[in-house]
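Data block below; observations after.
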Amino acid sequence: MDRSNKPSAIGVGASLPQPTLSIKDNIIEASLPTGQSVTVHLYGATVTSWKTGGQEQLFVSEKAHLDGSKPIRGGIPLVFPVFGPPPQNHATSTLPQHGFARNSNWEFLGKSSSEAPGRDSDQTDLTVKLDFGLSHSMLTDEFRAAWPYEFGLVYSVTLTTDSLETALQVRNEGQQNFDFQVLMHTYLSIADISDVRVKGLESKTYIDKTLQATSHTESSPALAITQETDRVYQQLDPAVPIVVASAKDDQSLFSITREALTDVVVWNPWIEKAKSMADFGPDEAYKNMICVEAGSVSGWQTLEAGEAWEGGQSIKSRL
Ligand SMILES: O=P(O)(O)OC[C@H]1O[C@@H](O)[C@H](O)[C@@H](O)[C@@H]1O
């Protein structure tokens with residue numbers, strides 16, 4: 001993301017408290033001295049917790065598999081190189097739904113800290129960035145055979161005092177071009193689905209996956225979720241925030257800006273689909289989550305040999 005951070009002043013302002021890091025059982029956790037924290041499972045490089053103001057901001061299903069046997073149902077699973085069921089007669093066609101990134105073991109590349117201008121002009125805020133890597137040679141034999149391209153991914157998860165940023169760099173390290181789609185499948189935690197509205201989508205075209213993938217235009221300035229919702233909004237300006245707001249007082253609960261990600265999926269399984277997903281629970285938990293997923297999924301990004309692409313999101317929470 002385009003942050004104007006200065007390198008950490010470690011050693012200059014000697015006693016400035018530093019972020020803390022713990023690595024245990026393939027789970028990385030970082031905290032800021034101001035109390036915010038983030039947790040990432042190396043399986044899928046899935047962000048499974050983001051706490052700020054003492055509260056969890058991401059939804060993780062009580063029945064999520066956390067043992068690497070299945071993609072984690074909640075947090076921020078990363079979708080790459082294909083969104084949804086892969087199309088037939090395409091280079092991704094034998095990959096699983098949503099590709100292999102969310103069900104591969106990533107490596108932790110390290111942590112870096114920096115100072116960013118604080119909300120008050122005379123104050124600086126610490127941030128911590130965690131980098132994760134995945135490349136062709138780290139995939140299972142099955143995934144390598146299904147998608148035989150030499151690629152390198154670096155996924156950066158940055159925690160600031162008021163935001164969580166996730167950014168993906170995709171490199172083509174081989175000799176052939178490849179196509180990919182990418183999506184940050186963010187499960188936001190909310191108190192009650194009937195009290196949220198999604199803003200920033202009015203007049204945008206979307207594909208409704210619950211209505212045979214038909215195309216529609218959003219008429220609502222503040223979308224209420226009242227049934228199963230699975231929509232791919234297209235051609236959005238990434239700099240214009242998608243805001244999840246309270247219906248009661250219009251207060252912003254989450255605000256999501258993107259870079260190079262022009263699609264946004266809005267997904268809630270609602271009653272029947274929630275019950276039908278073995279790793280979703282409790283059944284009523286559909287009321288406590290909404291997925292707002294920043295991505296590039298309505299077409300394909302083509303990456304030529306030696307080229308790199310980068311995109312990401314920044315989520316600001318009310319707290
Ligand atoms: O069950 P999965 O593979 O995690 O997918 C969950 C949902 O992910 C969303 O991104 C898709 O638009 C939905 O169609 C899908 O049901």
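A note on labels: chains of the structure tokens are A, B, ... as shown, every chain counts residues from 1, and ligands are counted from 1 in their shown order.
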At a cut-off of 6 Å and counting only C-alpha atoms and all ligand atoms, what residues surround ligand 1? Please answer as a list of chain:residue names. A:Gln97, A:Asp230, A:Trp267
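Neighbouring residues of Leu159 in chain A at 9 Å or closer, counting only C-alpha atoms and skipping chain neighbours under 4 positions away, are Ala30, Ser31, Leu32, Gln36, Ser37, Val38, Trp50, Leu126, Thr127, Val128, Lys129, Leu130, Ser163, Leu164, Glu165 and Thr166 of chain A.
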What are the DSSP strand (DSSP E) residues of range 49-134 of chain A, as a PyMOL selection string? chain A and resi 49-52+55-56+78-79+107-117+124-134
Export of the given selection (C-alpha atoms) as a PDB file, in the first residue's frame:
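What follows is the written file result16.pdb:
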```pdb
ATOM      1  CA  SER A  49      -8.021 -12.350  14.221  1.00  0.00           C
ATOM      2  CA  TRP A  50      -7.796  -8.581  14.217  1.00  0.00           C
ATOM      3  CA  LYS A  51      -8.464  -6.933  17.535  1.00  0.00           C
ATOM      4  CA  THR A  52      -8.796  -3.248  18.121  1.00  0.00           C
ATOM      5  CA  GLN A  55     -12.811  -6.177  20.320  1.00  0.00           C
ATOM      6  CA  GLU A  56     -12.527  -8.799  17.614  1.00  0.00           C
ATOM      7  CA  LEU A  78      -6.934 -15.428   0.273  1.00  0.00           C
ATOM      8  CA  VAL A  79      -8.405 -16.489  -3.052  1.00  0.00           C
ATOM      9  CA  GLU A 107       6.237 -19.353   4.992  1.00  0.00           C
ATOM     10  CA  PHE A 108       6.727 -16.435   7.352  1.00  0.00           C
ATOM     11  CA  LEU A 109       9.225 -14.037   5.790  1.00  0.00           C
ATOM     12  CA  GLY A 110       9.528 -11.687   8.748  1.00  0.00           C
ATOM     13  CA  LYS A 111       8.252  -8.652  10.554  1.00  0.00           C
ATOM     14  CA  SER A 112       9.090  -5.003  10.096  1.00  0.00           C
ATOM     15  CA  SER A 113       8.024  -2.020  12.161  1.00  0.00           C
ATOM     16  CA  SER A 114       7.655   1.553  11.135  1.00  0.00           C
ATOM     17  CA  GLU A 115       6.278   4.837  12.322  1.00  0.00           C
ATOM     18  CA  ALA A 116       3.430   6.542  10.525  1.00  0.00           C
ATOM     19  CA  PRO A 117       2.014  10.000  11.172  1.00  0.00           C
ATOM     20  CA  THR A 124       3.537   9.135  15.584  1.00  0.00           C
ATOM     21  CA  ASP A 125       1.880   5.740  15.483  1.00  0.00           C
ATOM     22  CA  LEU A 126       3.767   2.494  15.285  1.00  0.00           C
ATOM     23  CA  THR A 127       2.764  -0.036  12.666  1.00  0.00           C
ATOM     24  CA  VAL A 128       3.841  -3.623  12.232  1.00  0.00           C
ATOM     25  CA  LYS A 129       4.016  -5.478   8.924  1.00  0.00           C
ATOM     26  CA  LEU A 130       4.146  -9.252   8.605  1.00  0.00           C
ATOM     27  CA  ASP A 131       5.240 -10.764   5.291  1.00  0.00           C
ATOM     28  CA  PHE A 132       4.337 -14.225   4.052  1.00  0.00           C
ATOM     29  CA  GLY A 133       5.534 -16.081   0.958  1.00  0.00           C
ATOM     30  CA  LEU A 134       4.277 -18.836  -1.290  1.00  0.00           C
TER      31      LEU A 134
END
```
Please identify all polymer residues within 7 Å of Phe178 in chain A, counting only C-alpha atoms, omitting same-chain residues fewer than 3 positions from it, and present them as a ChimeraX atom specification. /A:302-304
May I have the selected residues written with C-alpha atoms, as a JSON list (two decimals), in the first residue's frame?
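Contents of selection.json, as written:
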```json
[["chain", "number", "residue", "atom", "x", "y", "z"],
["A", 302, "THR", "CA", -2.44, -11.61, -17.30],
["A", 303, "LEU", "CA", 1.11, -11.58, -16.02],
["A", 304, "GLU", "CA", 3.93, -11.90, -18.52]]
```
Mind checking which residues fall within 8 Å of range 184-195 of chain A, counting only C-alpha atoms, ignoring those fewer than 5 positions away in the same chain, and posting them as a PyMOL selection string? chain A and resi 56-60+74-79+224-226+246-248+286-295
Take the residues from that selection and put them in a file with C-alpha atoms, as a PDB file, in the first residue's frame.
```
ATOM      1  CA  GLU A  56     -12.527  -8.799  17.614  1.00  0.00           C
ATOM      2  CA  GLN A  57     -13.212  -7.296  14.186  1.00  0.00           C
ATOM      3  CA  LEU A  58     -13.222 -10.492  12.100  1.00  0.00           C
ATOM      4  CA  PHE A  59     -15.697 -13.346  12.170  1.00  0.00           C
ATOM      5  CA  VAL A  60     -14.405 -16.920  12.425  1.00  0.00           C
ATOM      6  CA  GLY A  74     -13.571 -16.987   8.554  1.00  0.00           C
ATOM      7  CA  GLY A  75     -10.991 -14.265   8.976  1.00  0.00           C
ATOM      8  CA  ILE A  76      -9.441 -13.346   5.633  1.00  0.00           C
ATOM      9  CA  PRO A  77      -8.862 -16.378   3.401  1.00  0.00           C
ATOM     10  CA  LEU A  78      -6.934 -15.428   0.273  1.00  0.00           C
ATOM     11  CA  VAL A  79      -8.405 -16.489  -3.052  1.00  0.00           C
ATOM     12  CA  ALA A 224     -29.681  -3.993   3.496  1.00  0.00           C
ATOM     13  CA  ILE A 225     -29.021  -7.752   3.683  1.00  0.00           C
ATOM     14  CA  THR A 226     -32.347  -9.536   4.077  1.00  0.00           C
ATOM     15  CA  SER A 246     -25.053   0.947  11.262  1.00  0.00           C
ATOM     16  CA  ALA A 247     -28.653   1.304  10.088  1.00  0.00           C
ATOM     17  CA  LYS A 248     -29.567   2.882  13.423  1.00  0.00           C
ATOM     18  CA  TYR A 286     -24.942 -15.707   9.651  1.00  0.00           C
ATOM     19  CA  LYS A 287     -26.386 -12.786  11.657  1.00  0.00           C
ATOM     20  CA  ASN A 288     -22.953 -11.950  13.018  1.00  0.00           C
ATOM     21  CA  MET A 289     -20.950 -11.743   9.796  1.00  0.00           C
ATOM     22  CA  ILE A 290     -20.838 -10.086   6.453  1.00  0.00           C
ATOM     23  CA  CYS A 291     -18.220 -10.776   3.819  1.00  0.00           C
ATOM     24  CA  VAL A 292     -17.042  -7.725   1.910  1.00  0.00           C
ATOM     25  CA  GLU A 293     -14.382  -9.126  -0.391  1.00  0.00           C
ATOM     26  CA  ALA A 294     -12.027  -6.875  -2.339  1.00  0.00           C
ATOM     27  CA  GLY A 295     -10.773  -8.526  -5.491  1.00  0.00           C
TER      28      GLY A 295
END
```
